[in-house]
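Text of upload_19.cif (mmCIF, C-alpha atoms) as supplied:
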```cif
data_my_file
loop_
_atom_site.label_atom_id
_atom_site.label_comp_id
_atom_site.auth_asym_id
_atom_site.auth_seq_id
_atom_site.Cartn_x
_atom_site.Cartn_y
_atom_site.Cartn_z
CA MET K 1375 -124.23 -55.58 -23.71
CA ALA K 1376 -120.47 -55.76 -23.92
CA THR K 1377 -118.39 -56.06 -20.79
CA ILE K 1378 -115.44 -53.83 -20.03
CA SER K 1379 -113.17 -56.80 -20.67
CA ASN K 1380 -114.58 -57.18 -24.16
CA LEU K 1381 -114.55 -53.45 -24.82
CA ALA K 1382 -110.96 -52.92 -23.85
CA ASN K 1383 -109.84 -56.37 -25.05
CA LEU K 1384 -107.31 -56.41 -22.26
CA PRO K 1385 -104.96 -59.41 -21.79
CA ARG K 1386 -103.66 -60.65 -18.46
CA ALA K 1387 -101.51 -58.15 -16.57
CA THR K 1388 -97.76 -58.24 -16.92
CA CYS K 1389 -96.15 -55.34 -15.11
CA VAL K 1390 -93.38 -53.78 -17.14
CA ASP K 1391 -90.46 -51.59 -16.16
CA SER K 1392 -91.10 -47.90 -16.45
CA LYS K 1393 -88.22 -45.44 -16.44
CA SER K 1394 -89.07 -41.96 -15.32
CA SER K 1395 -87.50 -38.81 -14.04
CA SER K 1396 -88.22 -37.56 -10.54
CA SER K 1397 -88.59 -34.30 -8.73
CA SER K 1398 -85.83 -33.10 -6.49
CA SER K 1399 -88.05 -30.86 -4.38
CA VAL K 1400 -87.62 -30.98 -0.63
CA LEU K 1401 -90.69 -32.13 1.29
CA PRO K 1402 -91.97 -29.97 4.16
CA ARG K 1403 -91.48 -31.34 7.67
CA SER K 1404 -95.20 -32.01 8.18
CA PHE K 1405 -95.25 -34.08 5.01
CA VAL K 1406 -92.28 -36.37 5.52
CA ASN K 1407 -91.44 -38.88 8.20
CA PHE K 1408 -87.93 -37.79 9.02
CA ARG K 1409 -87.42 -40.90 11.08
CA ALA K 1410 -87.31 -42.91 7.85
CA LEU K 1411 -83.86 -44.18 7.09
CA ASN K 1412 -81.77 -42.08 4.78
CA ALA K 1413 -80.43 -45.04 2.85
CA LYS K 1414 -77.65 -43.73 0.65
CA LEU K 1415 -76.37 -46.28 -1.77
CA SER K 1416 -73.13 -46.22 -3.73
CA SER K 1417 -73.22 -46.59 -7.49
CA SER K 1418 -72.71 -50.09 -8.80
CA GLN K 1419 -73.79 -52.43 -11.49
CA LEU K 1420 -77.00 -54.03 -10.31
CA SER K 1421 -79.08 -56.71 -11.88
CA LEU K 1422 -81.76 -57.08 -9.22
CA ARG K 1423 -85.15 -58.45 -10.10
CA TYR K 1424 -88.19 -58.63 -7.92
CA ASN K 1425 -90.76 -61.30 -8.48
CA GLN K 1426 -94.17 -59.91 -9.25
CA ARG K 1427 -96.80 -61.29 -6.94
CA SER K 1428 -99.79 -62.82 -8.60
CA ARG K 1429 -102.87 -60.62 -8.80
CA PRO K 1430 -106.49 -61.66 -8.61
CA SER K 1431 -108.19 -62.13 -11.93
CA LEU K 1432 -109.84 -58.89 -12.95
CA SER K 1433 -111.40 -57.78 -16.19
CA VAL K 1434 -109.95 -54.27 -16.07
CA ARG K 1435 -106.23 -54.18 -15.39
CA CYS K 1436 -103.26 -51.95 -14.95
CA SER K 1437 -99.93 -52.96 -16.39
CA VAL K 1438 -101.22 -54.29 -19.68
CA SER K 1439 -99.01 -53.79 -22.67
CA GLY K 1440 -100.48 -52.53 -25.89
CA GLY K 1441 -103.15 -50.12 -24.65
CA ASN K 1442 -103.29 -47.37 -27.26
CA GLY K 1443 -106.52 -45.58 -26.50
CA THR K 1444 -108.03 -46.15 -29.93
CA ALA K 1445 -111.63 -45.09 -30.17
CA GLY K 1446 -114.11 -47.69 -28.96
CA LYS K 1447 -117.80 -48.01 -29.50
CA ARG K 1448 -120.31 -46.21 -27.35
CA THR K 1449 -120.83 -47.78 -23.95
CA THR K 1450 -123.08 -47.57 -20.93
CA LEU K 1451 -120.46 -45.33 -19.34
CA HIS K 1452 -120.90 -42.74 -22.09
CA ASP K 1453 -124.67 -42.85 -21.56
CA LEU K 1454 -124.23 -42.44 -17.81
CA TYR K 1455 -122.55 -39.07 -18.31
CA GLU K 1456 -124.34 -37.80 -21.41
CA LYS K 1457 -127.88 -38.80 -20.44
CA GLU K 1458 -127.87 -38.52 -16.66
CA GLY K 1459 -124.95 -36.20 -15.85
CA GLN K 1460 -123.02 -38.67 -13.70
CA SER K 1461 -119.29 -39.02 -14.31
CA PRO K 1462 -117.88 -42.56 -14.17
CA TRP K 1463 -114.39 -42.60 -12.67
CA TYR K 1464 -111.96 -45.45 -12.18
CA ASP K 1465 -110.83 -46.27 -8.64
CA ASN K 1466 -107.38 -47.61 -9.43
CA LEU K 1467 -103.98 -46.50 -10.70
CA CYS K 1468 -100.67 -48.21 -11.48
CA ARG K 1469 -97.99 -48.27 -14.11
CA PRO K 1470 -97.98 -47.93 -17.01
CA VAL K 1471 -100.68 -45.30 -16.74
CA THR K 1472 -101.23 -45.51 -20.49
CA ASP K 1473 -103.37 -48.55 -19.68
CA LEU K 1474 -106.03 -45.98 -18.79
CA LEU K 1475 -106.36 -44.91 -22.43
CA PRO K 1476 -108.73 -47.71 -23.52
CA LEU K 1477 -110.91 -46.98 -20.50
CA ILE K 1478 -110.97 -43.26 -21.29
CA ALA K 1479 -112.02 -44.09 -24.84
CA ARG K 1480 -114.88 -46.10 -23.42
CA GLY K 1481 -116.24 -43.45 -21.08
CA VAL K 1482 -114.11 -43.24 -17.92
CA ARG K 1483 -113.72 -39.55 -17.02
CA GLY K 1484 -111.41 -39.46 -13.99
CA VAL K 1485 -109.31 -41.49 -11.56
CA THR K 1486 -109.14 -41.81 -7.80
CA SER K 1487 -106.23 -43.21 -5.83
CA ASN K 1488 -105.48 -43.79 -2.16
CA PRO K 1489 -102.69 -45.27 -0.02
CA ALA K 1490 -104.12 -48.79 -0.37
CA ILE K 1491 -104.14 -48.53 -4.17
CA PHE K 1492 -100.52 -47.39 -4.27
CA GLN K 1493 -99.54 -50.04 -1.74
CA LYS K 1494 -100.85 -52.72 -4.08
CA ALA K 1495 -99.46 -51.08 -7.24
CA ILE K 1496 -95.93 -50.53 -5.98
CA SER K 1497 -95.48 -53.66 -3.87
CA THR K 1498 -96.74 -56.10 -6.51
CA SER K 1499 -95.09 -54.60 -9.59
CA ASN K 1500 -91.54 -54.27 -10.89
CA ALA K 1501 -92.59 -51.21 -12.91
CA TYR K 1502 -91.39 -48.87 -10.16
CA ASN K 1503 -87.99 -50.46 -9.54
CA ASP K 1504 -85.87 -48.39 -11.91
CA GLN K 1505 -87.09 -45.06 -10.56
CA PHE K 1506 -86.87 -46.30 -6.98
CA ARG K 1507 -83.32 -47.55 -7.49
CA THR K 1508 -82.30 -44.15 -8.86
CA LEU K 1509 -83.94 -42.35 -5.95
CA VAL K 1510 -82.32 -44.38 -3.18
CA GLU K 1511 -78.93 -44.32 -4.87
CA SER K 1512 -79.17 -40.53 -4.94
CA GLY K 1513 -79.72 -40.52 -1.16
CA LYS K 1514 -83.48 -40.08 -0.94
CA ASP K 1515 -85.03 -41.37 2.28
CA ILE K 1516 -87.75 -43.98 1.89
CA GLU K 1517 -90.78 -41.74 2.35
CA SER K 1518 -89.44 -39.07 0.01
CA ALA K 1519 -88.83 -41.77 -2.58
CA TYR K 1520 -92.39 -43.04 -2.12
CA TRP K 1521 -93.88 -39.63 -2.80
CA GLU K 1522 -91.80 -39.18 -5.94
CA LEU K 1523 -93.09 -42.50 -7.26
CA VAL K 1524 -96.65 -41.38 -6.53
CA VAL K 1525 -96.25 -37.91 -7.97
CA LYS K 1526 -94.93 -39.35 -11.23
CA ASP K 1527 -98.01 -41.55 -11.62
CA ILE K 1528 -100.38 -38.70 -10.80
CA GLN K 1529 -98.69 -36.33 -13.25
CA ASP K 1530 -98.81 -38.90 -16.03
CA ALA K 1531 -102.46 -39.72 -15.36
CA CYS K 1532 -103.40 -36.03 -15.25
CA LYS K 1533 -101.92 -35.62 -18.72
CA LEU K 1534 -104.22 -38.33 -20.07
CA PHE K 1535 -107.32 -36.68 -18.64
CA GLU K 1536 -106.46 -33.11 -19.65
CA PRO K 1537 -108.64 -33.25 -22.81
CA ILE K 1538 -111.70 -34.03 -20.68
CA TYR K 1539 -110.75 -31.27 -18.24
CA ASP K 1540 -110.48 -28.79 -21.11
CA GLN K 1541 -113.67 -29.95 -22.85
CA THR K 1542 -115.66 -29.46 -19.64
CA GLU K 1543 -113.92 -26.20 -18.67
CA GLY K 1544 -112.54 -27.70 -15.50
CA ALA K 1545 -115.66 -29.56 -14.41
CA ASP K 1546 -114.34 -33.08 -15.00
CA GLY K 1547 -111.23 -35.08 -15.90
CA TYR K 1548 -109.56 -35.10 -12.48
CA VAL K 1549 -106.99 -37.39 -10.90
CA SER K 1550 -106.92 -37.58 -7.10
CA VAL K 1551 -103.92 -38.00 -4.81
CA GLU K 1552 -104.25 -38.23 -1.04
CA VAL K 1553 -102.16 -36.53 1.63
CA SER K 1554 -100.33 -38.80 4.04
CA PRO K 1555 -102.75 -40.77 6.25
CA ARG K 1556 -100.45 -39.92 9.15
CA LEU K 1557 -101.88 -36.40 9.01
CA ALA K 1558 -105.54 -37.33 9.63
CA ASP K 1559 -105.45 -35.61 13.03
CA ASP K 1560 -103.12 -32.75 12.05
CA THR K 1561 -104.97 -29.66 10.82
CA GLN K 1562 -102.01 -27.49 9.84
CA GLY K 1563 -99.88 -30.39 8.68
CA THR K 1564 -102.65 -31.36 6.26
CA VAL K 1565 -102.82 -27.82 4.87
CA GLU K 1566 -99.04 -27.75 4.31
CA ALA K 1567 -99.07 -31.20 2.71
CA ALA K 1568 -101.95 -30.26 0.40
CA LYS K 1569 -100.18 -27.11 -0.72
CA TYR K 1570 -96.96 -29.03 -1.29
CA LEU K 1571 -98.66 -31.78 -3.30
CA SER K 1572 -100.52 -29.23 -5.41
CA LYS K 1573 -97.25 -27.43 -6.13
CA VAL K 1574 -95.12 -30.48 -6.90
CA VAL K 1575 -97.74 -32.24 -9.05
CA ASN K 1576 -98.36 -28.95 -10.84
CA ARG K 1577 -101.32 -30.08 -12.92
CA ARG K 1578 -104.56 -28.17 -13.40
CA ASN K 1579 -106.66 -31.28 -13.08
CA VAL K 1580 -105.32 -32.75 -9.86
CA TYR K 1581 -107.53 -33.17 -6.81
CA ILE K 1582 -105.77 -33.22 -3.44
CA LYS K 1583 -107.56 -35.73 -1.23
CA ILE K 1584 -108.14 -34.71 2.37
CA PRO K 1585 -109.98 -36.92 4.87
CA ALA K 1586 -113.18 -35.61 6.42
CA THR K 1587 -111.92 -36.12 9.96
CA ALA K 1588 -112.91 -33.45 12.49
CA PRO K 1589 -109.35 -32.00 12.63
CA CYS K 1590 -109.24 -31.81 8.82
CA ILE K 1591 -112.53 -29.93 8.30
CA PRO K 1592 -110.70 -26.60 8.91
CA SER K 1593 -107.92 -27.86 6.61
CA ILE K 1594 -110.44 -28.28 3.79
CA ARG K 1595 -111.60 -24.71 4.22
CA ASP K 1596 -108.05 -23.33 4.21
CA VAL K 1597 -106.93 -25.37 1.21
CA ILE K 1598 -109.99 -24.32 -0.82
CA ALA K 1599 -109.36 -20.71 0.26
CA ALA K 1600 -105.83 -21.08 -1.14
CA GLY K 1601 -107.34 -21.85 -4.55
CA ILE K 1602 -106.56 -25.58 -4.50
CA SER K 1603 -109.14 -28.11 -5.70
CA VAL K 1604 -109.97 -30.83 -3.19
CA ASN K 1605 -111.42 -34.32 -3.07
CA VAL K 1606 -112.77 -34.72 0.45
CA THR K 1607 -112.62 -38.41 1.34
CA LEU K 1608 -113.82 -40.82 4.02
CA ILE K 1609 -117.29 -39.31 4.52
CA PHE K 1610 -119.59 -41.78 6.27
CA SER K 1611 -122.42 -39.71 7.78
CA ILE K 1612 -124.88 -36.96 6.88
CA ALA K 1613 -123.67 -34.75 9.73
CA ARG K 1614 -120.06 -34.91 8.64
CA TYR K 1615 -121.07 -34.38 5.02
CA GLU K 1616 -122.80 -31.13 5.93
CA ALA K 1617 -119.65 -29.97 7.70
CA VAL K 1618 -117.71 -30.74 4.50
CA ILE K 1619 -120.09 -28.67 2.38
CA ASP K 1620 -119.81 -25.77 4.80
CA ALA K 1621 -116.02 -25.99 4.70
CA TYR K 1622 -116.14 -25.78 0.90
CA LEU K 1623 -118.46 -22.77 0.93
CA ASP K 1624 -116.45 -21.06 3.67
CA GLY K 1625 -113.26 -21.66 1.68
CA LEU K 1626 -114.70 -20.19 -1.51
CA GLU K 1627 -115.89 -17.11 0.37
CA ALA K 1628 -112.53 -16.68 2.12
CA SER K 1629 -110.48 -17.09 -1.05
CA GLY K 1630 -110.83 -13.49 -2.18
CA LEU K 1631 -110.83 -14.68 -5.78
CA ASP K 1632 -112.94 -12.86 -8.34
CA ASP K 1633 -113.05 -15.98 -10.54
CA LEU K 1634 -113.92 -19.16 -8.64
CA SER K 1635 -114.44 -21.32 -11.72
CA ARG K 1636 -111.14 -23.20 -11.37
CA VAL K 1637 -111.51 -24.06 -7.69
CA THR K 1638 -113.60 -27.21 -7.58
CA SER K 1639 -114.27 -30.07 -5.23
CA VAL K 1640 -115.91 -33.44 -4.82
CA ALA K 1641 -117.20 -34.94 -1.58
CA SER K 1642 -116.48 -38.67 -1.47
CA PHE K 1643 -119.37 -40.31 0.34
CA PHE K 1644 -118.59 -43.95 1.13
CA VAL K 1645 -121.29 -46.51 0.54
CA SER K 1646 -120.65 -50.26 0.75
CA ARG K 1647 -118.67 -50.04 3.99
CA VAL K 1648 -121.79 -48.65 5.65
CA ASP K 1649 -123.77 -51.78 4.84
CA THR K 1650 -120.90 -54.04 5.89
CA LEU K 1651 -121.01 -52.61 9.41
CA MET K 1652 -124.77 -52.03 9.58
CA ASP K 1653 -125.56 -55.58 8.49
CA LYS K 1654 -123.48 -56.95 11.35
CA MET K 1655 -125.32 -54.71 13.80
CA LEU K 1656 -128.70 -55.74 12.40
CA GLU K 1657 -127.81 -59.41 12.65
CA GLN K 1658 -126.87 -58.89 16.27
CA ILE K 1659 -130.28 -57.33 16.92
CA GLY K 1660 -131.78 -60.32 15.15
CA THR K 1661 -135.45 -59.34 14.94
CA PRO K 1662 -137.34 -59.87 11.66
CA GLU K 1663 -137.59 -56.10 11.25
CA ALA K 1664 -133.85 -55.69 11.72
CA LEU K 1665 -132.94 -58.51 9.38
CA ASP K 1666 -135.23 -57.07 6.70
CA LEU K 1667 -133.17 -53.86 6.71
CA ARG K 1668 -129.92 -55.56 5.74
CA GLY K 1669 -128.41 -54.16 2.56
CA LYS K 1670 -130.57 -51.03 2.64
CA ALA K 1671 -128.81 -48.60 4.97
CA ALA K 1672 -126.02 -47.40 2.67
CA VAL K 1673 -128.18 -46.49 -0.32
CA ALA K 1674 -130.80 -44.86 1.92
CA GLN K 1675 -128.21 -42.63 3.59
CA ALA K 1676 -126.69 -41.77 0.20
CA ALA K 1677 -130.10 -40.68 -1.11
CA LEU K 1678 -130.49 -38.37 1.89
CA ALA K 1679 -127.01 -37.01 1.30
CA TYR K 1680 -128.08 -36.06 -2.21
CA LYS K 1681 -131.16 -34.34 -0.81
CA LEU K 1682 -128.89 -32.31 1.47
CA TYR K 1683 -126.64 -31.53 -1.50
CA GLN K 1684 -129.61 -30.07 -3.40
CA GLN K 1685 -130.59 -27.96 -0.41
CA LYS K 1686 -127.14 -26.60 0.38
CA PHE K 1687 -126.27 -25.69 -3.20
CA SER K 1688 -129.23 -23.41 -3.67
CA GLY K 1689 -130.44 -20.17 -2.15
CA PRO K 1690 -128.89 -16.69 -1.75
CA ARG K 1691 -125.54 -17.76 -0.30
CA TRP K 1692 -124.83 -20.17 -3.13
CA GLU K 1693 -126.16 -17.85 -5.82
CA ALA K 1694 -123.73 -15.15 -4.70
CA LEU K 1695 -120.86 -17.58 -5.24
CA VAL K 1696 -122.23 -18.68 -8.61
CA LYS K 1697 -121.95 -15.07 -9.79
CA LYS K 1698 -118.19 -15.44 -9.28
CA GLY K 1699 -118.08 -18.66 -11.27
CA ALA K 1700 -118.29 -21.16 -8.41
CA LYS K 1701 -119.06 -24.78 -9.24
CA LYS K 1702 -121.02 -27.11 -7.01
CA GLN K 1703 -119.06 -29.53 -4.89
CA ARG K 1704 -120.21 -32.73 -6.55
CA LEU K 1705 -121.12 -35.78 -4.55
CA LEU K 1706 -118.82 -38.67 -5.37
CA TRP K 1707 -119.98 -42.19 -4.51
CA ALA K 1708 -116.99 -44.13 -3.20
CA SER K 1709 -116.64 -47.68 -1.90
CA THR K 1710 -118.93 -48.93 -4.67
CA SER K 1711 -117.75 -52.54 -4.82
CA VAL K 1712 -120.18 -55.06 -3.38
CA LYS K 1713 -118.78 -56.93 -0.38
CA ASN K 1714 -121.72 -59.33 0.14
CA PRO K 1715 -122.08 -61.83 -2.75
CA ALA K 1716 -125.78 -62.16 -1.96
CA TYR K 1717 -126.36 -58.59 -3.14
CA SER K 1718 -126.64 -57.30 -6.70
CA ASP K 1719 -123.22 -56.50 -8.15
CA THR K 1720 -124.47 -53.04 -9.14
CA LEU K 1721 -126.10 -52.30 -5.76
CA TYR K 1722 -123.87 -49.29 -5.02
CA VAL K 1723 -123.96 -47.83 -8.53
CA ALA K 1724 -127.40 -48.35 -10.08
CA PRO K 1725 -129.51 -46.75 -7.28
CA LEU K 1726 -127.22 -43.70 -7.01
CA ILE K 1727 -127.46 -42.23 -10.50
CA GLY K 1728 -128.17 -38.51 -10.64
CA PRO K 1729 -126.94 -35.26 -12.19
CA ASP K 1730 -123.79 -33.52 -10.99
CA THR K 1731 -122.48 -36.63 -9.28
CA VAL K 1732 -119.50 -38.94 -9.70
CA SER K 1733 -119.32 -42.69 -9.23
CA THR K 1734 -115.79 -43.99 -8.79
CA MET K 1735 -115.68 -47.71 -9.45
CA PRO K 1736 -113.04 -50.37 -8.95
CA ASP K 1737 -112.77 -53.16 -11.50
CA GLN K 1738 -115.61 -55.29 -10.19
CA ALA K 1739 -118.20 -52.51 -10.09
CA LEU K 1740 -117.05 -50.97 -13.38
CA GLU K 1741 -117.29 -54.25 -15.24
CA ALA K 1742 -120.67 -55.12 -13.75
CA PHE K 1743 -122.28 -51.79 -14.58
CA ALA K 1744 -120.82 -51.70 -18.09
CA ASP K 1745 -122.21 -55.18 -18.68
CA HIS K 1746 -125.76 -54.94 -17.34
CA GLY K 1747 -126.23 -51.57 -15.65
CA ILE K 1748 -129.32 -49.56 -16.52
CA VAL K 1749 -128.83 -45.85 -17.13
CA LYS K 1750 -131.70 -44.14 -15.36
CA ARG K 1751 -131.97 -41.37 -12.78
CA THR K 1752 -132.50 -43.16 -9.50
CA ILE K 1753 -130.86 -41.15 -6.71
CA ASP K 1754 -133.99 -39.18 -5.79
CA ALA K 1755 -136.64 -41.59 -7.06
CA ASN K 1756 -137.55 -42.93 -3.59
CA VAL K 1757 -136.54 -40.28 -1.06
CA SER K 1758 -139.49 -40.99 1.21
CA GLU K 1759 -138.53 -44.67 1.32
CA ALA K 1760 -134.95 -43.71 2.14
CA GLU K 1761 -136.17 -41.50 4.98
CA GLY K 1762 -138.25 -44.40 6.28
CA ILE K 1763 -135.27 -46.76 6.28
CA TYR K 1764 -133.07 -44.17 7.96
CA SER K 1765 -135.67 -43.61 10.71
CA ALA K 1766 -136.33 -47.32 11.14
CA LEU K 1767 -132.67 -47.93 11.82
CA GLU K 1768 -132.66 -45.15 14.43
CA LYS K 1769 -135.69 -46.72 16.12
CA LEU K 1770 -133.72 -49.94 16.42
CA GLY K 1771 -131.19 -48.01 18.51
CA ILE K 1772 -128.61 -47.44 15.81
CA ASP K 1773 -126.78 -44.12 16.09
CA TRP K 1774 -125.83 -43.00 12.58
CA ASN K 1775 -123.18 -40.59 13.82
CA LYS K 1776 -121.47 -43.28 15.90
CA VAL K 1777 -121.55 -45.61 12.92
CA GLY K 1778 -119.91 -42.86 10.87
CA GLU K 1779 -117.24 -42.28 13.50
CA GLN K 1780 -116.39 -45.99 13.68
CA LEU K 1781 -116.14 -46.29 9.92
CA GLU K 1782 -114.00 -43.16 9.74
CA ASP K 1783 -111.61 -44.52 12.35
CA GLU K 1784 -111.42 -47.85 10.51
CA GLY K 1785 -110.85 -46.09 7.19
CA VAL K 1786 -108.02 -43.94 8.51
CA ASP K 1787 -106.42 -46.93 10.24
CA SER K 1788 -106.67 -49.01 7.08
CA PHE K 1789 -104.92 -46.34 5.00
CA LYS K 1790 -102.24 -45.91 7.66
CA LYS K 1791 -101.55 -49.65 7.65
CA SER K 1792 -101.30 -49.68 3.85
CA PHE K 1793 -98.95 -46.70 3.98
CA GLU K 1794 -96.72 -48.23 6.65
CA SER K 1795 -96.72 -51.60 4.90
CA LEU K 1796 -95.58 -50.04 1.65
CA LEU K 1797 -92.83 -48.04 3.34
CA GLY K 1798 -91.64 -51.28 4.91
CA THR K 1799 -91.63 -52.99 1.51
CA LEU K 1800 -89.65 -50.12 0.02
CA GLN K 1801 -87.18 -50.23 2.91
CA ASP K 1802 -86.63 -53.93 2.25
CA LYS K 1803 -85.99 -53.20 -1.41
CA ALA K 1804 -83.57 -50.44 -0.47
CA ASN K 1805 -81.74 -52.79 1.88
CA THR K 1806 -81.47 -55.37 -0.89
CA LEU K 1807 -80.05 -52.76 -3.20
CA LYS K 1808 -77.57 -51.75 -0.52
CA LEU K 1809 -76.41 -55.35 0.00
CA ALA K 1810 -76.06 -55.89 -3.73
CA SER K 1811 -73.94 -52.74 -4.09
CA HIS K 1812 -71.18 -54.08 -1.85
#
```
Would you mind giving the structure from this file in structure tokens?
Amino acid sequence: MATISNLANLPRATCVDSKSSSSSSVLPRSFVNFRALNAKLSSSQLSLRYNQRSRPSLSVRCSVSGGNGTAGKRTTLHDLYEKEGQSPWYDNLCRPVTDLLPLIARGVRGVTSNPAIFQKAISTSNAYNDQFRTLVESGKDIESAYWELVVKDIQDACKLFEPIYDQTEGADGYVSVEVSPRLADDTQGTVEAAKYLSKVVNRRNVYIKIPATAPCIPSIRDVIAAGISVNVTLIFSIARYEAVIDAYLDGLEASGLDDLSRVTSVASFFVSRVDTLMDKMLEQIGTPEALDLRGKAAVAQAALAYKLYQQKFSGPRWEALVKKGAKKQRLLWASTSVKNPAYSDTLYVAPLIGPDTVSTMPDQALEAFADHGIVKRTIDANVSEAEGIYSALEKLGIDWNKVGEQLEDEGVDSFKKSFESLLGTLQDKANTLKLASH
């Protein structure tokens, strides 16, 4: 079977300059860090160039010239959606976004992004420099400039996926953009940021990503109630996932809309990070029983999440919403790349195939599944075994909710660090521009 690299015939990445216009909207106070320097730069002739940092060798790349989206042959990714009802999405985004076209032609049906992805895209590419230079010379502060760079990418990517959105009547073809990670503990600030992002992106097929932290569960409800589609991210436990489903249902009911068909959501349930932490805990326990459970926790919990999904999106309450056009909040499997080289490279994709789900895959996982993945419904094939693994881990003294809380904290912290690192990089670039203008 052909690999993604063969299908897309993509050469090595060479980031190119991309000129683009930017929005002049003013960001709400909860959205912007007003402590960021307001670096105003005078006009001058500049010939600055920033060296692109080398990227790891990947088979699927951004910033590849020549992608034209010409029709490719049928792939495993097409079969995944058409035969089993699972949408393959791509967990990456950078300029030029037209590099997504060959992947769309070969079965990719949506894109997810996060602060870490934009940190890598913007800090290692010169494709953002022209727009950034224009923004800082016009007096934009660093964080406002960052968001305008991001919004431009999201808008352009949404345009590419609009045909899929239209073909599926709003069920697929989404591009996700996350609110500031600084707002993970700010309920109202998250609501304001989500509304702002939805307004400024102004695309039907954008998902606003909101973390599933305890303070943001009410935010999810309020944003859904406002008629905004949401990707709920950083879900690491069954208990928190149920709270996310309830927030979605509560939001639909509170919306007052007669037609709910255009308010959709996905719940991003993280997978590989669970095993990374659990395996360390099991190795510390050290018994043969504990060691035998390594590499099994994440898929088992995901299978039970799908069981909960089936239960919650059925019955009288859900049927009443269906009469108004409501769509199920699909489970989205996130963190699907394999961290342990001893495990199968499709470990977090192949066992989680089922209808009305999404699998968002970074390069490694996407290439591996396209090459040798087997399209077969697996998510509910061994529920009893999953329940046994889940219970066995509890008997070893592992508290699933505490594991989820630790992973959530680590996830939020990681995104905050990526965000702060990128703002620092942009500030350095702005300072260089300022020096060169004198």
message = Taking all atoms listed in the file into account, name the residue in K:Ala1621, K:Ala1600, K:Pro1462, K:Asp1546 that is nearest to Thr1710 of chain K.
response = K:Pro1462
query = Do you know which residues are at most 9 Å from Gln1675 of chain K counting all atoms listed in the file, after dropping those on the same chain fewer than 6 positions away, and could you put them as a list in words?
reply =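 Within the cut-off, the hits are Ser1611, Ile1612, Val1645, Ala1760, Glu1761, Ile1763 and Tyr1764 of chain K.
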key: Atom-to-atom span, atom CA of Leu1474 of chain K and atom CA of Trp1707 of chain K, Å   =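 Result for atom CA of Leu1474 of chain K versus atom CA of Trp1707 of chain K: 20.3 Å, one decimal.
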task = Give as a PyMOL selection string the residues that the PyMOL selection byres ((chain K and resi 1551) around 6) matches when applied to the coordinates above.
result = chain K and resi 1487+1550+1552+1582-1583
Keeping only C-alpha atoms, take the residues you just selected and write them out as a tab-separated table (two decimals), keeping the file's coordinate frame.
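The result, written out as out.tsv:
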```tsv
chain	number	residue	atom	x	y	z
K	1487	SER	CA	-106.23	-43.21	-5.83
K	1550	SER	CA	-106.92	-37.58	-7.10
K	1552	GLU	CA	-104.25	-38.23	-1.04
K	1582	ILE	CA	-105.77	-33.22	-3.44
K	1583	LYS	CA	-107.56	-35.73	-1.23
```
query = Residues at most 10 Å from Glu1759 of chain K, counting all atoms listed in the file, excluding those fewer than 5 positions away in the same chain, as a count of residues only?
reply = 4
request  = One decimal, Å: what's the distance from atom CA of Ile1619 of chain K over to atom CA of Ser1639 of chain K, could you say?
outcome  =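 Rounded to one decimal, the two atoms are 9.7 Å apart.
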task = Translate the PyMOL selection byres ((chain K and resi 1713) around 12), as applied to the file shown, into an explicit residue set as a PyMOL selection string.
result = chain K and resi 1645-1651+1653+1669+1709-1712+1714-1722+1738-1739
Save out the residues we just selected, C-alpha atoms, as a PDB file, in the frame of the given file.
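Result saved to part18.pdb:
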```pdb
ATOM      1  CA  VAL K1645    -121.290 -46.510   0.540  1.00  0.00           C
ATOM      2  CA  SER K1646    -120.650 -50.260   0.750  1.00  0.00           C
ATOM      3  CA  ARG K1647    -118.670 -50.040   3.990  1.00  0.00           C
ATOM      4  CA  VAL K1648    -121.790 -48.650   5.650  1.00  0.00           C
ATOM      5  CA  ASP K1649    -123.770 -51.780   4.840  1.00  0.00           C
ATOM      6  CA  THR K1650    -120.900 -54.040   5.890  1.00  0.00           C
ATOM      7  CA  LEU K1651    -121.010 -52.610   9.410  1.00  0.00           C
ATOM      8  CA  ASP K1653    -125.560 -55.580   8.490  1.00  0.00           C
ATOM      9  CA  GLY K1669    -128.410 -54.160   2.560  1.00  0.00           C
ATOM     10  CA  SER K1709    -116.640 -47.680  -1.900  1.00  0.00           C
ATOM     11  CA  THR K1710    -118.930 -48.930  -4.670  1.00  0.00           C
ATOM     12  CA  SER K1711    -117.750 -52.540  -4.820  1.00  0.00           C
ATOM     13  CA  VAL K1712    -120.180 -55.060  -3.380  1.00  0.00           C
ATOM     14  CA  ASN K1714    -121.720 -59.330   0.140  1.00  0.00           C
ATOM     15  CA  PRO K1715    -122.080 -61.830  -2.750  1.00  0.00           C
ATOM     16  CA  ALA K1716    -125.780 -62.160  -1.960  1.00  0.00           C
ATOM     17  CA  TYR K1717    -126.360 -58.590  -3.140  1.00  0.00           C
ATOM     18  CA  SER K1718    -126.640 -57.300  -6.700  1.00  0.00           C
ATOM     19  CA  ASP K1719    -123.220 -56.500  -8.150  1.00  0.00           C
ATOM     20  CA  THR K1720    -124.470 -53.040  -9.140  1.00  0.00           C
ATOM     21  CA  LEU K1721    -126.100 -52.300  -5.760  1.00  0.00           C
ATOM     22  CA  TYR K1722    -123.870 -49.290  -5.020  1.00  0.00           C
ATOM     23  CA  GLN K1738    -115.610 -55.290 -10.190  1.00  0.00           C
ATOM     24  CA  ALA K1739    -118.200 -52.510 -10.090  1.00  0.00           C
TER      25      ALA K1739
END
```
task = Starting from the displayed file, determine the output of the PyMOL selection byres ((chain K and resi 1567) around 12) and express the residue list as a ChimeraX atom specification.
result = /K:1400-1406,1521,1551-1558,1560-1566,1568-1575,1582-1584,1590,1593-1594,1597,1602
